[in-house]
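**Q** coords_24.cif is reproduced in full below (mmCIF, C-alpha atoms).
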data_upload
loop_
_atom_site.label_atom_id
_atom_site.label_comp_id
_atom_site.auth_asym_id
_atom_site.auth_seq_id
_atom_site.Cartn_x
_atom_site.Cartn_y
_atom_site.Cartn_z
CA MET R 1 29.68 18.34 40.24
CA THR R 2 26.35 16.49 40.28
CA ARG R 3 26.90 12.72 40.12
CA LEU R 4 24.54 10.88 37.80
CA VAL R 5 23.49 7.29 38.40
CA PHE R 6 20.96 5.72 36.03
CA THR R 7 18.44 3.43 37.66
CA LEU R 8 15.68 1.30 36.17
CA ARG R 9 13.23 4.08 36.92
CA GLY R 10 15.27 7.09 35.94
CA MET R 11 18.10 8.98 37.56
CA ASP R 12 19.60 9.16 41.02
CA VAL R 13 20.45 12.84 41.33
CA ARG R 14 22.79 13.69 44.20
CA MET R 15 22.86 17.31 45.34
CA GLY R 16 24.96 17.79 48.46
CA THR R 17 23.93 15.11 50.94
CA ARG R 18 20.42 14.68 49.56
CA SER R 19 19.67 11.96 47.04
CA THR R 20 16.45 11.59 45.05
CA THR R 21 15.62 9.23 42.23
CA ARG R 22 14.06 11.12 39.36
CA ALA R 23 12.46 9.71 36.24
CA LEU R 24 13.30 11.14 32.83
CA ALA R 25 10.05 13.11 32.66
CA THR R 26 10.77 14.70 36.03
CA GLU R 27 14.36 15.45 35.09
CA ALA R 28 13.21 17.07 31.85
CA VAL R 29 11.08 19.51 33.82
CA HIS R 30 13.47 20.28 36.67
CA ALA R 31 17.04 19.91 35.40
CA GLY R 32 18.76 23.26 35.05
CA ARG R 33 16.17 24.84 37.35
CA ASP R 34 17.07 23.34 40.73
CA ASP R 35 18.19 26.68 42.18
CA LEU R 36 15.21 28.79 41.09
CA ALA R 37 13.00 28.33 44.17
CA ARG R 38 15.88 29.33 46.45
CA GLN R 39 16.14 32.56 44.49
CA GLY R 40 12.41 33.21 44.71
CA LEU R 41 11.97 32.52 40.99
CA HIS R 42 9.72 30.21 39.02
CA ALA R 43 10.75 30.77 35.39
CA PRO R 44 14.48 30.82 34.61
CA PRO R 45 15.82 34.32 33.89
CA ILE R 46 17.27 35.32 30.53
CA ASP R 47 20.68 36.95 30.87
CA LEU R 48 21.31 38.97 27.68
CA SER R 49 24.56 40.58 28.82
CA THR R 50 27.51 40.34 26.47
CA THR R 51 30.03 41.50 29.08
CA TYR R 52 30.22 41.62 32.88
CA PRO R 53 31.83 44.19 35.24
CA ALA R 54 34.91 43.20 37.25
CA HIS R 55 36.96 45.61 39.35
CA ASP R 56 39.50 42.90 40.21
CA SER R 57 41.50 42.76 36.96
CA ARG R 58 44.16 40.50 38.51
CA GLY R 59 41.45 38.05 39.47
CA GLU R 60 40.01 38.22 35.95
CA ALA R 61 43.43 37.48 34.51
CA ALA R 62 43.77 34.41 36.73
CA ARG R 63 40.35 33.11 35.70
CA ILE R 64 41.11 33.61 32.02
CA ASP R 65 44.43 31.82 32.45
CA ALA R 66 42.62 28.92 34.10
CA PHE R 67 40.14 28.70 31.24
CA ALA R 68 42.94 28.78 28.69
CA ALA R 69 44.63 25.89 30.47
CA THR R 70 41.68 23.50 30.86
CA GLY R 71 38.53 24.99 29.33
CA ALA R 72 36.77 24.56 32.67
CA GLU R 73 33.94 26.99 33.31
CA PRO R 74 35.29 29.92 35.35
CA ASP R 75 34.34 30.13 39.01
CA GLY R 76 32.41 33.18 40.05
CA PRO R 77 30.51 35.63 37.85
CA PRO R 78 30.63 35.43 34.05
CA VAL R 79 33.39 37.16 32.12
CA TYR R 80 32.23 37.62 28.53
CA GLY R 81 29.39 36.24 26.44
CA ARG R 82 31.69 34.31 24.12
CA LEU R 83 33.16 32.44 27.06
CA GLY R 84 29.85 31.49 28.65
CA ASN R 85 26.34 32.63 29.55
CA PRO R 86 24.23 31.69 32.60
CA THR R 87 21.05 31.02 30.61
CA VAL R 88 22.84 28.80 28.10
CA ALA R 89 24.57 27.04 31.00
CA ARG R 90 21.18 26.04 32.39
CA PHE R 91 20.32 24.32 29.12
CA GLU R 92 23.72 22.60 29.03
CA THR R 93 23.24 21.30 32.57
CA ALA R 94 19.78 19.98 31.74
CA LEU R 95 20.84 18.25 28.51
CA ALA R 96 23.81 16.60 30.25
CA ARG R 97 21.45 15.26 32.90
CA LEU R 98 19.10 13.83 30.28
CA GLU R 99 21.93 12.21 28.29
CA GLY R 100 23.70 10.94 31.41
CA THR R 101 27.00 12.72 30.79
CA GLU R 102 29.23 14.90 32.96
CA ALA R 103 28.77 17.99 30.79
CA ALA R 104 27.34 19.46 27.60
CA VAL R 105 28.51 22.33 25.41
CA ALA R 106 26.03 24.30 23.29
CA PHE R 107 26.72 25.92 19.94
CA ALA R 108 24.97 28.16 17.42
CA SER R 109 23.94 25.17 15.26
CA GLY R 110 24.36 21.44 14.94
CA MET R 111 26.99 21.94 12.25
CA ALA R 112 28.91 24.33 14.51
CA ALA R 113 28.88 21.63 17.19
CA LEU R 114 30.19 18.96 14.80
CA SER R 115 32.81 21.37 13.45
CA ALA R 116 34.04 22.04 16.98
CA VAL R 117 34.48 18.30 17.61
CA LEU R 118 36.49 17.91 14.39
CA LEU R 119 38.64 20.93 15.26
CA VAL R 120 39.37 19.54 18.72
CA ARG R 121 40.48 16.18 17.34
CA GLY R 122 42.44 17.82 14.53
CA SER R 123 44.28 20.07 16.98
CA MET R 124 45.54 16.86 18.62
CA GLY R 125 46.94 15.61 15.31
CA LEU R 126 44.06 13.15 14.89
CA ARG R 127 42.53 14.25 11.60
CA HIS R 128 41.32 10.88 10.36
CA VAL R 129 37.61 10.14 10.81
CA VAL R 130 35.82 6.83 10.30
CA ALA R 131 32.17 7.42 9.44
CA VAL R 132 29.13 5.33 8.64
CA ARG R 133 26.68 6.40 5.95
CA PRO R 134 24.08 7.67 5.77
CA LEU R 135 24.60 10.84 7.76
CA TYR R 136 22.84 14.17 7.54
CA GLY R 137 23.84 15.59 4.14
CA CYS R 138 25.81 18.56 5.46
CA SER R 139 27.70 16.35 7.93
CA ASP R 140 28.58 14.08 5.01
CA HIS R 141 29.75 17.06 2.95
CA LEU R 142 31.83 18.54 5.78
CA LEU R 143 33.76 15.27 6.06
CA THR R 144 33.99 14.41 2.36
CA ALA R 145 35.15 17.86 1.28
CA GLY R 146 37.77 18.01 4.04
CA LEU R 147 36.74 21.58 4.79
CA LEU R 148 38.32 21.43 8.25
CA GLY R 149 41.37 19.45 7.20
CA SER R 150 39.91 16.08 8.11
CA GLU R 151 40.25 12.89 6.10
CA VAL R 152 37.34 10.44 6.11
CA THR R 153 37.04 6.70 5.57
CA TRP R 154 33.47 5.59 4.88
CA THR R 155 32.52 2.11 5.99
CA ASP R 156 29.63 0.06 7.29
CA PRO R 157 29.43 -0.69 11.04
CA ALA R 158 31.10 -4.08 10.63
CA GLY R 159 34.13 -2.47 9.00
CA VAL R 160 34.85 0.18 11.61
CA ALA R 161 37.52 -1.75 13.51
CA ASP R 162 39.48 -2.48 10.34
CA ALA R 163 39.26 1.15 9.23
CA LEU R 164 40.94 2.55 12.34
CA ARG R 165 44.43 4.04 11.99
CA PRO R 166 46.96 5.51 14.43
CA ASP R 167 45.77 9.00 13.44
CA THR R 168 42.04 8.20 13.73
CA GLY R 169 40.52 10.76 16.04
CA LEU R 170 36.83 9.97 15.78
CA VAL R 171 34.24 7.43 14.71
CA LEU R 172 30.98 9.05 13.64
CA VAL R 173 27.58 7.42 13.29
CA GLU R 174 23.96 8.54 13.27
CA SER R 175 21.38 6.13 14.66
CA PRO R 176 18.61 6.12 13.58
CA ALA R 177 20.21 7.52 10.46
CA ASN R 178 19.03 10.47 8.41
CA PRO R 179 17.00 9.81 6.27
CA THR R 180 16.81 6.00 6.00
CA LEU R 181 16.32 5.46 9.77
CA THR R 182 18.89 2.67 9.72
CA GLU R 183 19.88 1.62 13.25
CA VAL R 184 23.30 0.62 14.55
CA ASP R 185 24.19 -1.56 17.53
CA LEU R 186 25.89 1.22 19.46
CA ARG R 187 27.27 -0.97 22.23
CA ALA R 188 28.99 -3.29 19.73
CA LEU R 189 30.26 -0.33 17.73
CA ALA R 190 31.71 1.32 20.84
CA ARG R 191 33.63 -1.89 21.57
CA ASP R 192 35.01 -1.90 18.04
CA CYS R 193 36.20 1.69 18.44
CA GLY R 194 38.59 0.75 21.23
CA SER R 195 40.24 3.91 22.53
CA VAL R 196 38.96 6.07 19.64
CA PRO R 197 36.00 8.23 20.74
CA LEU R 198 32.63 7.27 19.27
CA LEU R 199 30.39 10.22 18.40
CA VAL R 200 26.71 9.37 18.01
CA ASP R 201 24.32 11.83 16.41
CA ASN R 202 21.27 11.31 18.62
CA THR R 203 19.10 13.97 17.00
CA PHE R 204 16.39 11.59 15.75
CA ALA R 205 16.13 9.43 18.87
CA THR R 206 16.64 12.04 21.62
CA PRO R 207 17.44 10.86 25.16
CA VAL R 208 13.78 9.86 25.45
CA LEU R 209 14.41 6.82 23.22
CA GLN R 210 18.13 6.13 23.71
CA ARG R 211 21.14 7.40 25.68
CA PRO R 212 24.25 6.55 23.66
CA ALA R 213 26.62 7.42 26.50
CA GLY R 214 25.26 4.41 28.36
CA ASP R 215 26.29 2.25 25.40
CA GLY R 216 29.85 3.54 25.34
CA ALA R 217 29.65 6.66 23.16
CA ARG R 218 32.07 9.36 24.32
CA LEU R 219 30.31 12.19 22.50
CA VAL R 220 26.59 12.64 21.83
CA LEU R 221 25.62 15.22 19.21
CA HIS R 222 22.27 16.93 18.74
CA SER R 223 20.99 19.36 16.24
CA ALA R 224 19.04 21.03 19.04
CA THR R 225 17.08 22.87 16.37
CA LYS R 226 14.99 19.73 16.07
CA TYR R 227 13.34 17.86 18.96
CA LEU R 228 15.13 19.58 21.83
CA GLY R 229 13.71 22.94 20.81
CA GLY R 230 10.67 21.31 19.31
CA HIS R 231 8.83 24.31 17.91
CA GLY R 232 10.76 25.30 14.81
CA ASP R 233 11.87 28.62 16.27
CA VAL R 234 15.44 28.09 17.47
CA LEU R 235 18.70 27.17 15.72
CA ALA R 236 21.23 25.38 17.94
CA GLY R 237 23.56 22.43 18.44
CA VAL R 238 24.96 20.70 21.50
CA VAL R 239 27.50 18.02 22.39
CA ALA R 240 27.03 15.96 25.56
CA CYS R 241 30.28 14.45 26.81
CA ASP R 242 32.76 14.03 29.65
CA GLU R 243 34.16 17.13 31.34
CA GLU R 244 37.61 16.82 29.75
CA SER R 245 36.13 16.85 26.25
CA ALA R 246 33.79 19.66 27.24
CA GLY R 247 36.74 21.80 28.27
CA ARG R 248 38.35 21.45 24.87
CA LEU R 249 35.05 22.17 23.13
CA ARG R 250 34.57 25.34 25.19
CA GLN R 251 38.02 26.52 24.14
CA ILE R 252 37.16 25.97 20.47
CA ARG R 253 33.83 27.73 20.94
CA PHE R 254 35.55 30.69 22.56
CA ALA R 255 38.16 30.90 19.81
CA THR R 256 35.83 30.44 16.84
CA GLY R 257 32.79 32.26 18.20
CA GLY R 258 30.10 29.67 17.44
CA VAL R 259 28.19 30.62 20.59
CA LEU R 260 24.52 30.08 21.31
CA HIS R 261 22.41 33.19 21.92
CA PRO R 262 20.92 33.37 25.44
CA LEU R 263 17.36 33.61 24.10
CA ALA R 264 17.96 30.39 22.17
CA GLY R 265 19.28 28.80 25.37
CA TYR R 266 16.09 29.84 27.17
CA LEU R 267 13.88 28.41 24.43
CA LEU R 268 15.81 25.14 24.46
CA LEU R 269 15.52 24.80 28.22
CA ARG R 270 11.78 25.39 27.89
CA GLY R 271 11.62 22.86 25.06
CA LEU R 272 13.28 20.17 27.17
CA SER R 273 10.49 20.37 29.74
CA THR R 274 7.99 18.92 27.25
CA LEU R 275 10.44 16.72 25.32
CA PRO R 276 9.27 13.34 26.68
CA VAL R 277 5.61 14.18 26.16
CA ARG R 278 6.17 15.49 22.63
CA VAL R 279 8.40 12.62 21.51
CA ARG R 280 6.07 9.93 22.84
CA ALA R 281 2.94 11.50 21.36
CA ALA R 282 4.55 12.13 17.98
CA SER R 283 6.00 8.61 18.01
CA ALA R 284 2.55 7.13 18.50
CA ASN R 285 1.35 9.08 15.46
CA ALA R 286 4.37 7.99 13.45
CA ALA R 287 3.91 4.31 14.27
CA GLU R 288 0.29 4.49 13.15
CA LEU R 289 1.19 6.24 9.90
CA ALA R 290 4.00 3.76 9.24
CA GLY R 291 1.50 0.94 9.51
CA ARG R 292 -0.95 2.60 7.14
CA LEU R 293 1.77 3.41 4.62
CA THR R 294 3.04 -0.17 4.75
CA ALA R 295 -0.41 -1.44 3.77
CA ASP R 296 -0.84 1.10 0.95
CA PRO R 297 -0.18 -0.24 -2.57
CA ARG R 298 1.05 3.19 -3.70
CA VAL R 299 4.00 2.86 -1.33
CA ALA R 300 6.93 0.62 -2.28
CA ARG R 301 8.72 0.50 1.07
CA VAL R 302 8.47 2.01 4.54
CA HIS R 303 11.39 2.67 6.91
CA TYR R 304 10.57 2.91 10.62
CA PRO R 305 13.10 2.23 13.41
CA ARG R 306 12.73 -0.57 15.94
CA ILE R 307 13.17 1.86 18.83
CA GLY R 308 10.26 3.92 17.51
CA GLY R 309 10.38 7.66 17.12
CA ALA R 310 8.57 10.36 15.22
CA MET R 311 10.38 9.95 11.89
CA VAL R 312 9.07 7.86 8.98
CA SER R 313 10.69 7.45 5.58
CA PHE R 314 8.94 5.82 2.66
CA GLU R 315 9.53 5.14 -1.01
CA VAL R 316 6.68 5.65 -3.46
CA HIS R 317 5.95 3.92 -6.75
CA GLY R 318 4.86 7.21 -8.30
CA ASP R 319 6.38 10.68 -8.45
CA PRO R 320 7.70 11.80 -5.03
CA HIS R 321 7.64 15.43 -6.14
CA ALA R 322 3.89 15.14 -6.72
CA VAL R 323 3.49 14.08 -3.08
CA ILE R 324 5.49 17.10 -1.91
CA GLY R 325 3.33 19.35 -4.07
CA GLY R 326 0.11 17.67 -2.96
CA VAL R 327 0.20 18.04 0.83
CA ARG R 328 -1.95 20.74 2.39
CA LEU R 329 -1.83 20.11 6.15
CA ILE R 330 1.71 18.74 6.32
CA THR R 331 4.34 21.41 5.68
CA PRO R 332 6.70 20.72 2.75
CA ALA R 333 9.94 21.94 4.32
CA VAL R 334 13.38 20.89 5.53
CA SER R 335 14.17 20.28 9.19
CA LEU R 336 12.25 18.05 11.57
CA GLY R 337 11.21 17.57 15.17
CA SER R 338 8.64 20.35 15.35
CA VAL R 339 5.15 20.09 16.82
CA ASP R 340 3.80 20.25 13.27
CA SER R 341 4.49 17.62 10.60
CA LEU R 342 7.07 18.26 7.87
CA ILE R 343 7.84 16.35 4.69
CA GLN R 344 10.75 16.65 2.29
CA HIS R 345 12.52 14.87 -0.57
CA PRO R 346 16.07 14.12 0.69
CA ALA R 347 17.62 13.58 -2.75
CA SER R 348 16.53 17.10 -3.71
CA ILE R 349 17.24 18.99 -0.50
CA SER R 350 18.81 17.63 2.72
CA HIS R 351 21.14 15.20 0.91
CA ARG R 352 21.48 17.01 -2.41
CA ILE R 353 25.02 18.02 -1.51
CA VAL R 354 26.10 14.35 -1.27
CA ASP R 355 27.45 12.77 -4.46
CA ALA R 356 24.56 11.04 -6.24
CA ASP R 357 26.24 7.63 -6.36
CA ASP R 358 27.22 7.80 -2.69
CA ARG R 359 23.73 8.95 -1.83
CA ARG R 360 22.05 6.04 -3.60
CA ALA R 361 24.56 3.53 -2.23
CA ALA R 362 23.60 4.66 1.27
CA GLY R 363 19.93 3.96 0.54
CA VAL R 364 18.86 7.53 -0.21
CA GLY R 365 16.99 6.81 -3.43
CA ASP R 366 15.24 9.24 -5.73
CA ARG R 367 11.78 8.05 -4.65
CA LEU R 368 12.43 8.33 -0.91
CA LEU R 369 10.44 10.81 1.15
CA ARG R 370 11.17 11.75 4.77
CA LEU R 371 8.27 12.57 7.07
CA SER R 372 8.70 14.23 10.46
CA VAL R 373 5.47 13.45 12.26
CA GLY R 374 4.04 16.07 14.59
CA LEU R 375 1.26 16.31 17.12
CA GLU R 376 -1.73 16.73 14.82
CA ASP R 377 -4.59 14.23 14.86
CA VAL R 378 -3.35 11.12 13.08
CA ASP R 379 -6.51 10.77 10.97
CA ASP R 380 -6.06 14.32 9.67
CA LEU R 381 -2.44 13.55 8.79
CA TRP R 382 -3.43 10.37 7.00
CA ALA R 383 -6.15 12.15 5.04
CA ASP R 384 -3.55 14.65 3.85
CA LEU R 385 -1.05 11.91 2.89
CA ASP R 386 -3.77 9.89 1.19
CA GLY R 387 -4.72 12.85 -0.96
CA ALA R 388 -1.12 13.70 -1.78
CA LEU R 389 -0.37 10.13 -2.80
CA GLY R 390 -3.13 10.46 -5.38
#
For this file, produce the structure as structure tokens.
**A**
Amino acid sequence: MTRLVFTLRGMDVRMGTRSTTRALATEAVHAGRDDLARQGLHAPPIDLSTTYPAHDSRGEAARIDAFAATGAEPDGPPVYGRLGNPTVARFETALARLEGTEAAVAFASGMAALSAVLLVRGSMGLRHVVAVRPLYGCSDHLLTAGLLGSEVTWTDPAGVADALRPDTGLVLVESPANPTLTEVDLRALARDCGSVPLLVDNTFATPVLQRPAGDGARLVLHSATKYLGGHGDVLAGVVACDEESAGRLRQIRFATGGVLHPLAGYLLLRGLSTLPVRVRAASANAAELAGRLTADPRVARVHYPRIGGAMVSFEVHGDPHAVIGGVRLITPAVSLGSVDSLIQHPASISHRIVDADDRRAAGVGDRLLRLSVGLEDVDDLWADLDGALG
């Protein structure tokens, strides 16, 4: 197992007896690819096999028994696509390196990843979840509706410690939050959680801006569809965590079938290589737009996180639907984190499924717009927003 040590510059990656300190940008390019040159390869291969030959059926039985016991990845060649895939494993290795965790487990979507976490905790008799609003609308709905047998207590960060119960299996927070970009002191929250695992949805920040595991989070969730993929062409989720948690998540993934397709794993690994460059460039655009929106009298309020990032939310004095209908360069669509800019009205789409009163209480008002800033020229983006604002 590769041992990870974070330094002021980046990461101390130990492979065998050799140790090299690698910055995040270097790790983003090389993690998950360290063996390619030894194989005479430059680009990682895509393994599309669903099953793998094995003449030693007794050996296969022993490996399957071992997986059933611990969820550890089987030694030797793959067994079956639902149990694991070499291309997806490369992405998992790379994401774990970037987040500074022992392991990562990839799923078919972000919601599949969150569902697997809830199923793991529920299988241990720990069905109670403490959660902080706002969350992504579908995450909120999954908890509120109890679709997986969970029971949720909603609270603000200061109330987490008092909300814990003997059957609490998870504390869930998103920081910066979707869509208000509210930030939470993750280190303080992790202390308040005590022995209860803290899950941080790090989709908006990415490991470029924050690594929650370093602040005490036990589980780090990504909708990999967003910044990790980065091009709007892959649907995926991933949980970065310790190896023990990863084993349980792999068992749930195997049993429920929420596996990531190998081609998606390849695209995600490719996306990670440009993640630092994309996030920093888009963040510079977003900061500039946030400043211009703040100075605009047509805008009532602007939300932009202290840690930066490529997401901006703003409330307008006029009709937010007119802004959605008025953009021409920016794409009016759900999702975020792509190279192109996207805008949407959370109360109508991403958070529509949340009860209206709960939605407004969490700061998701009817005049709030969420802008995912891409890599276009910032003056072109502003010209489009200016026209749409009327």
**Q** In Å, rounded to a single decimal, give me how far atom CA of Pro305 of chain R is from atom CA of Ser109 of chain R.
**A**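 Atom-to-atom, atom CA of Ser109 of chain R to atom CA of Pro305 of chain R, that is 25.4 Å.
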**Q** Using only the atoms of segment 138-149 of chain R listed in the file, plus 5 Å on each side, state the axis-aligned box centre and edge lengths in Å rounded to one decimal, as AutoDock Vina command-line options.
**A**
--center_x 33.6 --center_y 17.8 --center_z 4.8 --size_x 25.6 --size_y 17.5 --size_z 17.0
**Q** Can you turn the PyMOL selection byres ((chain R and resi 367-372) around 7) into a concrete residue list for this file, as a PyMOL selection string?
**A** chain R and resi 179+310-316+320+336-337+341-346+364-366+373-374
**Q** Work out how far atom CA of Gly84 of chain R is from atom CA of Thr26 of chain R, in Å to one decimal.
**A**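 Taking atom CA of Thr26 of chain R as the start and atom CA of Gly84 of chain R as the end point, the length is 26.5 Å.
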**Q** Quick one: residues within 7 Å of Leu389 of chain R, all atoms listed in the file, excluding same-chain residues fewer than 3 positions away - as a PyMOL selection string?
**A** chain R and resi 323+385-386
**Q** Measuring atom to atom with only C-alpha atoms, identify which of R:Leu289, R:Ala66, R:Ala284, R:Ala113 is nearest to Ser139 of chain R.
**A**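 When distances to Ser139 of chain R are compared using only C-alpha atoms, the smallest one comes from R:Ala113.
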**Q** Using all atoms listed in the file, find each residue in segment 268-349 of chain R having at least one atom no more than 9 Å away from segment 90-93 of chain R; report its shortest atom-to-atom pair and that distance in Å (one decimal), rows by chain then rising number, as a tab-separated table.
**A**
residue	atom	partner	partner_atom	distance
R:Leu268	CA	R:Phe91	CA	6.5
R:Leu269	CA	R:Phe91	CA	4.9
R:Arg270	CA	R:Phe91	CA	8.7
R:Leu272	CA	R:Phe91	CA	8.4
**Q** Fewer than 6 positions away in the same chain doesn't count, so skip those; otherwise give me all residues within 9 Å of Arg250 of chain R, counting all atoms listed in the file, as a list in words.
**A** Phe67, Gly71, Ala72, Glu73, Leu83, Gly84, Val105, Ala106 and Ala116 of chain R
**Q** Given the file above and the PyMOL selection byres ((chain R and resi 257-263) around 12), which residues are selected, and can you give them as JSON, numbers by chain?
**A** {"R": [44, 45, 46, 47, 48, 49, 50, 80, 81, 82, 83, 84, 85, 86, 87, 88, 89, 90, 91, 92, 105, 106, 107, 108, 109, 110, 111, 112, 113, 114, 115, 116, 224, 225, 229, 233, 234, 235, 236, 237, 238, 249, 250, 251, 252, 253, 254, 255, 256, 264, 265, 266, 267, 268, 269, 270]}
**Q** Could you check which of R:Asp242, R:Asp34, R:Glu151, R:Asp379 is closest to Gly122 of chain R, using all atoms listed in the file?
**A**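 That would be R:Glu151, the residue with the smallest distance to Gly122 of chain R.
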**Q** Quick one: distance from atom CA of Asp162 of chain R to atom CA of Ala246 of chain R in Å, one decimal?
**A**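 Distance reported for this atom pair: 28.4 Å.
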**Q** Check the smallest atom-to-atom distance from each of R:Val184, R:Cys138, R:Ala388, R:Leu221 to Val354 of chain R using all atoms listed in the file, then report the winner.
**A** R:Cys138
**Q** Which is closest to Ala361 of chain R among R:Ser175, R:Ser273, R:Thr155, R:Ser245, if we use all atoms listed in the file?
**A** R:Thr155
**Q** Taking all atoms listed in the file into account, which of R:Leu228, R:Ala43, R:Val302, R:Leu118 comes nearest Pro276 of chain R?
**A** R:Leu228
**Q** Which is closer to Glu288 of chain R than all the others in R:Leu126, R:Gly308, R:Asn178, R:Lys226, using only C-alpha atoms?
**A**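 Closest residue, counting only C-alpha atoms: R:Gly308.
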**Q** Residues within 7 Å of segment 129-133 of chain R, please, as a PyMOL selection string. Count all atoms listed in the file; anything in the same chain fewer than 3 positions from it doesn't count.
**A** chain R and resi 150-157+160+163-164+168-173+362
**Q** What would the selection look like, as a list in words, if the PyMOL selection byres ((chain R and resi 375) around 9) were run on the coordinates I just shared?
**A**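 Against this file, the PyMOL selection byres ((chain R and resi 375) around 9) returns the residues Arg278, Ala281, Ala282, Asn285, Ser338, Val339, Asp340, Ser341, Val373, Gly374, Glu376, Asp377 and Val378 of chain R.
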